[in-house]
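Chemist: Got a file for you: final01.cif, mmCIF, C-alpha atoms and all ligand atoms.
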```
data_target
loop_
_atom_site.label_atom_id
_atom_site.label_comp_id
_atom_site.auth_asym_id
_atom_site.auth_seq_id
_atom_site.Cartn_x
_atom_site.Cartn_y
_atom_site.Cartn_z
CA MET A 28 4.32 12.66 -1.22
CA VAL A 29 1.07 14.54 -0.62
CA LYS A 30 -0.87 13.47 2.47
CA LYS A 31 -4.35 12.20 1.70
CA ALA A 32 -7.69 11.93 3.44
CA GLU A 33 -10.75 9.95 2.45
CA LEU A 34 -14.40 10.56 3.41
CA HIS A 35 -16.32 8.17 1.16
CA VAL A 36 -15.49 4.47 1.13
CA HIS A 37 -17.78 1.52 1.87
CA LEU A 38 -15.96 -0.75 4.31
CA GLU A 39 -17.53 -3.98 3.03
CA GLY A 40 -16.54 -2.76 -0.46
CA THR A 41 -12.86 -2.48 0.44
CA ALA A 42 -12.31 -6.24 0.83
CA THR A 43 -10.12 -7.42 -2.06
CA PRO A 44 -10.96 -10.58 -4.04
CA ALA A 45 -8.00 -12.28 -2.29
CA LEU A 46 -9.33 -11.38 1.16
CA VAL A 47 -12.88 -12.40 0.22
CA ARG A 48 -11.62 -15.80 -1.00
CA LYS A 49 -9.59 -16.21 2.20
CA MET A 50 -12.55 -15.41 4.48
CA ALA A 51 -14.86 -17.67 2.46
CA ALA A 52 -12.38 -20.55 2.82
CA GLN A 53 -11.86 -19.92 6.55
CA ASN A 54 -15.56 -19.64 7.28
CA GLY A 55 -16.71 -22.41 4.98
CA ALA A 56 -19.02 -19.82 3.43
CA PRO A 57 -20.19 -20.95 -0.01
CA LEU A 58 -19.10 -18.35 -2.56
CA ASP A 59 -20.91 -18.14 -5.90
CA PRO A 60 -18.22 -18.62 -8.60
CA LYS A 61 -19.98 -15.88 -10.60
CA THR A 62 -18.61 -13.40 -8.02
CA PHE A 63 -15.25 -13.40 -9.87
CA LYS A 64 -14.05 -13.05 -13.47
CA SER A 65 -11.53 -15.50 -14.90
CA ASP A 66 -8.72 -13.08 -13.92
CA GLY A 67 -9.86 -13.30 -10.29
CA GLU A 68 -11.26 -9.76 -10.08
CA PHE A 69 -14.87 -9.05 -9.07
CA ALA A 70 -17.39 -9.71 -11.85
CA TRP A 71 -20.19 -7.17 -12.40
CA THR A 72 -21.75 -5.39 -15.35
CA ASP A 73 -23.77 -2.38 -14.16
CA PHE A 74 -24.61 -0.66 -10.86
CA TRP A 75 -27.34 -3.13 -9.91
CA ASP A 76 -25.10 -6.06 -10.75
CA PHE A 77 -22.32 -4.38 -8.76
CA LEU A 78 -24.63 -4.25 -5.71
CA ARG A 79 -25.38 -7.97 -6.21
CA CYS A 80 -21.67 -8.84 -6.40
CA TYR A 81 -20.94 -6.58 -3.40
CA ASP A 82 -23.61 -8.35 -1.32
CA LYS A 83 -22.11 -11.77 -2.20
CA ALA A 84 -18.62 -10.64 -1.22
CA ALA A 85 -19.88 -8.92 1.95
CA ALA A 86 -21.55 -12.19 2.98
CA THR A 87 -18.08 -13.73 3.51
CA ILE A 88 -17.42 -11.25 6.37
CA LEU A 89 -18.90 -13.47 9.02
CA THR A 90 -17.16 -12.77 12.31
CA LYS A 91 -15.99 -9.87 14.44
CA ASP A 92 -12.41 -10.79 13.56
CA ASP A 93 -13.27 -10.73 9.84
CA TYR A 94 -14.46 -7.14 10.26
CA ARG A 95 -11.23 -6.34 12.12
CA LEU A 96 -9.18 -7.82 9.31
CA VAL A 97 -11.11 -6.09 6.49
CA THR A 98 -10.69 -2.75 8.30
CA TYR A 99 -7.02 -3.27 9.14
CA ASP A 100 -6.19 -4.51 5.62
CA TYR A 101 -7.82 -1.44 4.05
CA LEU A 102 -6.23 1.08 6.41
CA ALA A 103 -2.81 -0.57 5.90
CA ARG A 104 -3.13 -0.05 2.13
CA CYS A 105 -4.24 3.56 2.67
CA ALA A 106 -1.29 4.22 5.01
CA GLN A 107 1.10 2.97 2.30
CA GLU A 108 -0.35 5.65 0.04
CA GLU A 109 0.22 8.32 2.71
CA ALA A 110 -3.38 8.67 3.78
CA ILE A 111 -3.62 10.13 7.29
CA TYR A 112 -7.40 9.98 7.85
CA VAL A 113 -10.13 7.67 6.50
CA GLU A 114 -13.83 7.86 7.28
CA MET A 115 -15.43 4.51 6.43
CA PHE A 116 -19.09 3.69 5.81
CA SER A 117 -20.12 0.61 7.75
CA SER A 118 -23.35 -1.25 7.04
CA PRO A 119 -24.98 -2.94 10.05
CA ASP A 120 -27.59 -4.33 7.62
CA HIS A 121 -24.92 -6.38 5.83
CA ALA A 122 -23.65 -7.64 9.19
CA ALA A 123 -27.20 -8.49 10.30
CA ASP A 124 -27.77 -10.42 7.06
CA VAL A 125 -25.03 -12.85 8.11
CA GLY A 126 -26.27 -13.00 11.70
CA MET A 127 -23.83 -10.57 13.30
CA SER A 128 -25.03 -8.08 15.91
CA TYR A 129 -24.55 -4.33 15.64
CA VAL A 130 -22.13 -4.39 18.60
CA GLU A 131 -20.01 -7.27 17.25
CA HIS A 132 -19.76 -5.60 13.85
CA LEU A 133 -18.75 -2.28 15.40
CA GLY A 134 -16.30 -3.94 17.78
CA GLY A 135 -14.53 -5.67 14.90
CA ILE A 136 -14.15 -2.45 12.94
CA ALA A 137 -12.94 -0.57 16.02
CA ALA A 138 -10.29 -3.26 16.66
CA GLY A 139 -9.08 -2.87 13.05
CA ILE A 140 -8.88 0.90 13.51
CA ASP A 141 -6.86 0.43 16.72
CA ASP A 142 -4.44 -2.04 15.09
CA ALA A 143 -3.87 0.23 12.07
CA LYS A 144 -3.35 3.31 14.25
CA LYS A 145 -0.79 1.46 16.37
CA GLU A 146 1.11 0.10 13.41
CA PHE A 147 0.89 2.94 10.87
CA GLY A 148 -0.37 6.03 12.69
CA ILE A 149 -3.34 6.28 10.32
CA VAL A 150 -6.62 7.48 11.88
CA GLY A 151 -9.87 5.70 10.97
CA ARG A 152 -13.41 6.71 11.87
CA ILE A 153 -16.83 5.19 11.11
CA ILE A 154 -20.00 6.53 9.51
CA VAL A 155 -22.83 4.10 10.11
CA THR A 156 -24.99 3.79 7.01
CA CYS A 157 -28.35 2.46 6.02
CA VAL A 158 -29.10 1.19 2.52
CA ARG A 159 -31.70 3.12 0.53
CA HIS A 160 -33.08 0.18 -1.46
CA PHE A 161 -33.53 -1.85 1.75
CA GLY A 162 -36.29 0.65 2.57
CA PRO A 163 -37.22 3.19 5.27
CA GLU A 164 -38.07 0.61 7.95
CA ARG A 165 -34.64 -1.00 7.95
CA ALA A 166 -33.10 2.47 7.78
CA LEU A 167 -34.95 3.59 10.89
CA ASN A 168 -33.90 0.39 12.64
CA VAL A 169 -30.24 1.13 11.84
CA ALA A 170 -30.64 4.71 13.09
CA GLN A 171 -32.19 3.47 16.34
CA GLN A 172 -29.29 1.10 17.00
CA PHE A 173 -26.88 3.87 15.99
CA VAL A 174 -28.17 6.39 18.56
CA ALA A 175 -28.51 3.70 21.24
CA THR A 176 -24.88 2.57 20.84
CA PRO A 177 -22.46 5.51 20.96
CA HIS A 178 -18.82 4.67 20.27
CA PRO A 179 -15.84 7.06 20.17
CA TYR A 180 -15.01 6.05 16.57
CA VAL A 181 -18.55 6.43 15.24
CA VAL A 182 -18.80 10.01 14.01
CA GLY A 183 -21.81 10.21 11.73
CA PHE A 184 -24.76 8.65 9.95
CA GLY A 185 -25.32 8.14 6.23
CA MET A 186 -27.15 6.33 3.46
CA GLY A 187 -25.96 4.54 0.31
CA GLY A 188 -27.72 2.32 -2.14
CA ASP A 189 -29.95 2.89 -5.14
CA GLU A 190 -30.89 6.55 -5.41
CA ALA A 191 -33.83 5.71 -7.68
CA GLN A 192 -35.68 3.84 -4.91
CA PHE A 193 -37.99 5.65 -2.48
CA HIS A 194 -37.75 9.40 -1.73
CA PRO A 195 -35.40 11.16 0.71
CA LYS A 196 -38.39 12.22 2.83
CA ASP A 197 -39.07 8.53 3.52
CA PHE A 198 -35.75 8.47 5.39
CA ALA A 199 -36.29 11.72 7.32
CA PRO A 200 -37.24 9.82 10.53
CA ALA A 201 -33.90 7.93 10.46
CA PHE A 202 -31.79 10.98 9.60
CA ASN A 203 -33.61 13.24 12.07
CA LEU A 204 -33.03 10.73 14.87
CA ALA A 205 -29.28 10.79 14.13
CA SER A 206 -29.19 14.57 13.72
CA GLU A 207 -31.16 15.24 16.92
CA ALA A 208 -28.69 13.00 18.77
CA GLY A 209 -25.98 15.44 17.64
CA TYR A 210 -24.49 13.59 14.66
CA LYS A 211 -23.65 14.96 11.24
CA THR A 212 -25.05 13.11 8.24
CA THR A 213 -24.36 12.51 4.55
CA ASN A 214 -26.44 10.95 1.79
CA HIS A 215 -25.64 9.54 -1.66
CA ALA A 216 -27.30 11.96 -4.09
CA GLY A 217 -26.55 13.25 -7.56
CA GLU A 218 -24.83 10.07 -8.74
CA PHE A 219 -27.51 8.11 -10.63
CA GLY A 220 -30.08 10.81 -9.82
CA GLY A 221 -29.81 14.28 -11.31
CA PRO A 222 -29.86 17.73 -9.65
CA GLU A 223 -33.46 17.17 -8.50
CA SER A 224 -32.25 14.24 -6.39
CA ILE A 225 -29.69 16.52 -4.70
CA ARG A 226 -32.36 19.18 -4.07
CA ALA A 227 -34.69 16.53 -2.60
CA SER A 228 -31.92 15.44 -0.21
CA LEU A 229 -31.14 19.00 0.86
CA GLU A 230 -34.82 19.83 1.35
CA ASN A 231 -35.77 16.73 3.31
CA LEU A 232 -32.70 15.53 5.20
CA PRO A 233 -30.34 17.26 7.68
CA VAL A 234 -27.27 16.49 5.55
CA SER A 235 -24.07 18.49 5.83
CA ARG A 236 -22.23 16.67 2.99
CA LEU A 237 -23.24 14.87 -0.19
CA GLY A 238 -22.12 11.41 -1.29
CA HIS A 239 -20.99 12.10 -4.87
CA GLY A 240 -23.22 15.12 -5.65
CA VAL A 241 -21.33 15.19 -8.94
CA ARG A 242 -24.42 15.80 -11.06
CA ALA A 243 -24.81 19.26 -9.51
CA ILE A 244 -22.75 20.14 -12.60
CA GLU A 245 -26.00 19.90 -14.60
CA ASP A 246 -27.61 22.82 -12.72
CA SER A 247 -25.58 25.99 -12.27
CA ALA A 248 -27.95 27.51 -9.68
CA LEU A 249 -27.59 24.37 -7.57
CA MET A 250 -23.81 24.44 -7.97
CA THR A 251 -23.77 28.04 -6.74
CA GLU A 252 -26.00 27.10 -3.80
CA LEU A 253 -23.68 24.22 -2.80
CA ALA A 254 -20.65 26.52 -3.07
CA ASP A 255 -22.35 29.33 -1.09
CA ARG A 256 -23.61 26.97 1.62
CA GLY A 257 -20.24 25.23 1.78
CA ILE A 258 -21.68 21.74 1.38
CA PRO A 259 -18.71 19.45 0.61
CA LEU A 260 -18.96 16.94 -2.23
CA GLU A 261 -17.58 13.43 -1.71
CA LEU A 262 -16.45 13.04 -5.32
CA SER A 263 -15.28 9.65 -6.65
CA PRO A 264 -14.22 10.01 -10.29
CA GLY A 265 -12.93 6.43 -10.65
CA SER A 266 -16.22 5.04 -9.32
CA ASN A 267 -18.28 7.25 -11.66
CA ILE A 268 -16.26 6.09 -14.67
CA ALA A 269 -16.42 2.41 -13.67
CA THR A 270 -20.22 2.58 -13.33
CA GLY A 271 -20.56 4.33 -16.69
CA LEU A 272 -21.57 7.82 -15.57
CA TYR A 273 -18.69 9.48 -17.47
CA LYS A 274 -16.59 8.05 -20.25
CA ASP A 275 -13.18 8.89 -18.79
CA ARG A 276 -11.32 11.10 -16.28
CA ARG A 277 -11.23 14.05 -18.69
CA ALA A 278 -15.00 13.91 -19.14
CA HIS A 279 -15.57 13.92 -15.35
CA PRO A 280 -16.59 17.35 -13.98
CA PHE A 281 -14.25 17.27 -10.95
CA LYS A 282 -12.28 20.31 -12.12
CA ALA A 283 -15.37 22.27 -13.17
CA LEU A 284 -16.97 21.72 -9.75
CA MET A 285 -13.74 22.82 -8.08
CA GLU A 286 -13.54 25.94 -10.26
CA ALA A 287 -17.20 26.75 -9.51
CA GLY A 288 -16.17 27.10 -5.85
CA CYS A 289 -17.61 23.82 -4.57
CA ILE A 290 -15.74 22.15 -1.72
CA VAL A 291 -14.40 19.03 -3.44
CA THR A 292 -12.83 15.90 -1.97
CA LEU A 293 -11.38 12.78 -3.62
CA ASN A 294 -12.58 9.32 -2.67
CA SER A 295 -12.37 5.68 -3.77
CA ASP A 296 -15.96 4.46 -2.93
CA ASP A 297 -15.43 0.69 -3.45
CA PRO A 298 -11.76 0.44 -4.46
CA PRO A 299 -11.27 -3.17 -5.69
CA TYR A 300 -14.52 -3.09 -7.68
CA PHE A 301 -13.60 0.15 -9.43
CA ALA A 302 -9.88 -0.66 -9.89
CA THR A 303 -8.88 2.30 -7.77
CA SER A 304 -7.49 3.42 -4.42
CA ILE A 305 -7.24 6.73 -2.60
CA GLY A 306 -3.68 7.15 -3.89
CA HIS A 307 -4.76 6.34 -7.45
CA GLU A 308 -7.56 8.93 -7.26
CA TYR A 309 -5.07 11.63 -6.19
CA ASP A 310 -2.56 10.59 -8.90
CA GLU A 311 -5.16 10.51 -11.66
CA ALA A 312 -6.68 13.82 -10.56
CA ALA A 313 -3.24 15.45 -10.58
CA ARG A 314 -2.57 14.19 -14.11
CA ASN A 315 -5.95 14.73 -15.74
CA TYR A 316 -6.97 17.97 -14.04
CA ARG A 317 -3.42 19.39 -13.95
CA LEU A 318 -3.45 19.82 -10.18
CA SER A 319 -0.32 20.93 -8.33
CA ASP A 320 0.79 19.47 -5.00
CA THR A 321 -0.68 22.61 -3.40
CA ASP A 322 -4.05 21.89 -5.06
CA LEU A 323 -3.89 18.30 -3.77
CA GLU A 324 -2.97 19.48 -0.27
CA ASN A 325 -5.99 21.79 -0.38
CA ILE A 326 -8.20 18.83 -1.31
CA THR A 327 -6.88 16.97 1.74
CA ARG A 328 -7.51 20.04 3.89
CA ASN A 329 -11.07 20.25 2.46
CA ALA A 330 -11.64 16.63 3.50
CA ILE A 331 -10.31 17.11 7.02
CA ARG A 332 -12.37 20.28 7.52
CA ALA A 333 -15.45 18.41 6.19
CA ALA A 334 -14.77 15.33 8.32
CA PHE A 335 -17.31 14.36 10.99
CA CYS A 336 -14.68 13.75 13.71
CA ASP A 337 -14.15 16.18 16.57
CA ASP A 338 -12.34 19.51 16.17
CA ALA A 339 -9.38 18.52 18.38
CA LEU A 340 -8.57 15.63 16.03
CA LYS A 341 -8.98 17.88 12.98
CA GLU A 342 -6.49 20.35 14.48
CA GLU A 343 -4.03 17.52 14.99
CA LEU A 344 -4.42 16.36 11.39
CA LEU A 345 -4.41 19.76 9.66
C1 LIG A 401 -23.54 1.64 -2.27
CL1 LIG A 401 -25.14 0.38 -0.53
C2 LIG A 401 -23.65 0.63 -1.35
N1 LIG A 401 -22.62 -0.14 -1.10
C3 LIG A 401 -21.47 0.09 -1.74
N2 LIG A 401 -21.29 1.03 -2.64
C4 LIG A 401 -22.31 1.81 -2.90
N3 LIG A 401 -22.42 2.84 -3.73
C5 LIG A 401 -23.68 3.30 -3.63
N4 LIG A 401 -24.37 2.57 -2.73
ZN ZN A 402 -20.69 5.32 -2.19
#
```
For this file, produce the structure as structure tokens.
Modeler:
Amino acid sequence: MVKKAELHVHLEGTATPALVRKMAAQNGAPLDPKTFKSDGEFAWTDFWDFLRCYDKAAATILTKDDYRLVTYDYLARCAQEEAIYVEMFSSPDHAADVGMSYVEHLGGIAAGIDDAKKEFGIVGRIIVTCVRHFGPERALNVAQQFVATPHPYVVGFGMGGDEAQFHPKDFAPAFNLASEAGYKTTNHAGEFGGPESIRASLENLPVSRLGHGVRAIEDSALMTELADRGIPLELSPGSNIATGLYKDRRAHPFKALMEAGCIVTLNSDDPPYFATSIGHEYDEAARNYRLSDTDLENITRNAIRAAFCDDALKEELL
């Protein structure tokens, strides 16, 4: 089986409905029944409603050990699919919203990474993220805690959330703080925003990768620029289809971006919400884009080269 690597997955968004129900029961956290459909899967209709559902589910992760378990459970599933490296977005804002400190939240995730490494050999790393629609002030606060609290598993800084809210320049203070402290950064752009949203990110933020960036396909000059500058795209076809951006895998521009010379990677984003996994993304890409094992191995190599971890680890993994 082809070895896999993942660069774009939201840790709070990896918790399965079963795990969310278990944590809610253990913690006595009231869980809105509207969080689930009658088949037990997460219930949401569009991107905004997805974010609402995600926040409800994330609010069941209440303790350091919950974070350990969510992390371990996800990495165990990835290891079963022959993933060797996973970079996970953590959200200190979601932890803070349930009263957990930055350090507790980080400590739980790190313990999950340690347990999974010991048991399965899989390597996990953390990208601390802020949430765009929570606004620039909260983002700067996350960045300040991020630079004040170095940890060997924390390798970068990023931002998710609703691309239509605010402007990238509003988040320049947060991103510059992270960048000046020596960290690489990535931002969600070119998912619900078009090419202009990608340009605005590149012009205003010190990003070395793009979260999604898929809508560069709509602007050939931008596509050429991304290819020439070697800015990797964290592509997530299953996520884009689930949220209605493209009608199916064949309509997704993964292959066209790859053929245009862009550095492409495959990612699951929020796997149980989008009925996907890192293994499923590789399988579906192979089938729909007629990729050989060599193509898939190159995608894994792209991801490891684009990873934010140190070079010694990359050498080990490559
Ligand atoms: C996201 Cl803030 C956030 N959380 C989970 N998934 C996302 N996709 C885009 N923003
Ligand atoms: Zn994302």
Chemist: Pick out the closest residue to A:Leu253 from this set: A:Ala278, A:Leu237, A:Ala123, A:Cys80. Count all atoms listed in the file.
Modeler: A:Leu237
Chemist: If you count only C-alpha atoms and all ligand atoms, which residues end up within 9 Å of ligand ZN 402 (chain A), as a list of chain:residue names?
Modeler: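 Going residue by residue within 9 Å of ligand ZN 402 (chain A), we get A:His35, A:Val36, A:His37, A:Phe116, A:Met186, A:Gly187, A:Gly188, A:Asn214, A:His215, A:Gly238, A:His239, A:Glu261, A:Ser263, A:Ser266, A:Ser295, A:Asp296, A:Asp297.
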Chemist: Using all atoms listed in the file, which residue out of A:Gly220, A:Gly265, A:Gly40, A:Pro57 lies closest to ligand LIG 401 (chain A)?
Modeler: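 The shortest atom-to-atom distance to ligand LIG 401 (chain A) comes from A:Gly40.
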Chemist: If we count only C-alpha atoms and set the cut-off at 9 Å, which residues sit around A:Ala85, ignoring sequence neighbours fewer than 4 positions away in its own chain? Please answer as an MDAnalysis selection string.
Modeler: chainID A and resid 39:40 42 47 80:81 89 121:122 125
Chemist: Determine, counting only C-alpha atoms, which protein, DNA and RNA residues have an atom within 12 Å of an atom of A:Pro177; residues of the same chain fewer than 6 positions away are not included. Present the result as a list in words.
Modeler: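 The residues satisfying every condition are Tyr129, Val130, Leu133, Gly134, Ile153, Ile154, Val155, Ala170, Gln171, Gly183, Phe184, Ala205, Ala208, Gly209 and Tyr210 of chain A.
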Chemist: Got a sec to check which residues sit within 8 Å of (-9.8, 13.7, -14.4), counting all atoms listed in the file, and write them as a PyMOL selection string?
Modeler: chain A and resi 264+275-282+311-316
Chemist: Pick the closest to A:Gly67 from A:Ser235, A:Tyr300, A:Thr213, A:His160: which is it, counting all atoms listed in the file?
Modeler: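 Closest candidate: A:Tyr300.
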Chemist: Around the point (-7.8, 16.3, -5.9) in the file's coordinates, collect all residues with an atom within 6 Å, using all atoms listed in the file, and return them as a list in words.
Modeler: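 Residues lying no farther than 6 Å from the given point: Leu293, Tyr309, Ala312, Leu323 and Ile326 of chain A.
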Chemist: Ranking A:Asp141, A:Gly135, A:Leu345, A:Gly257 by minimum distance to A:Asn325 and counting only C-alpha atoms, which one comes first?
Modeler: A:Leu345
Chemist: I want to know what sits within 7 Å of A:Leu34, based on all atoms listed in the file, with residues of the same chain fewer than 4 positions away left out; could you give that as number ranges by chain?
Modeler: A: 113-115, 261, 294, 330, 334
Chemist: Just the number, please: distance in Å from atom CA of A:Phe161 to atom CA of A:Phe193, one decimal.
Modeler: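 Atom-to-atom, atom CA of A:Phe161 and atom CA of A:Phe193 are spaced 9.7 Å apart.
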Chemist: Point out the residue among A:Glu33, A:Pro299, A:His194, A:Ala199 with the least atom-to-atom distance to A:Leu260, counting all atoms listed in the file.
Modeler: A:Glu33
Chemist: Please compute the atom CA of A:Lys341-atom CA of A:Ala106 distance, one decimal, in Å.
Modeler: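 Computing it gives 17.6 Å between the two atoms.
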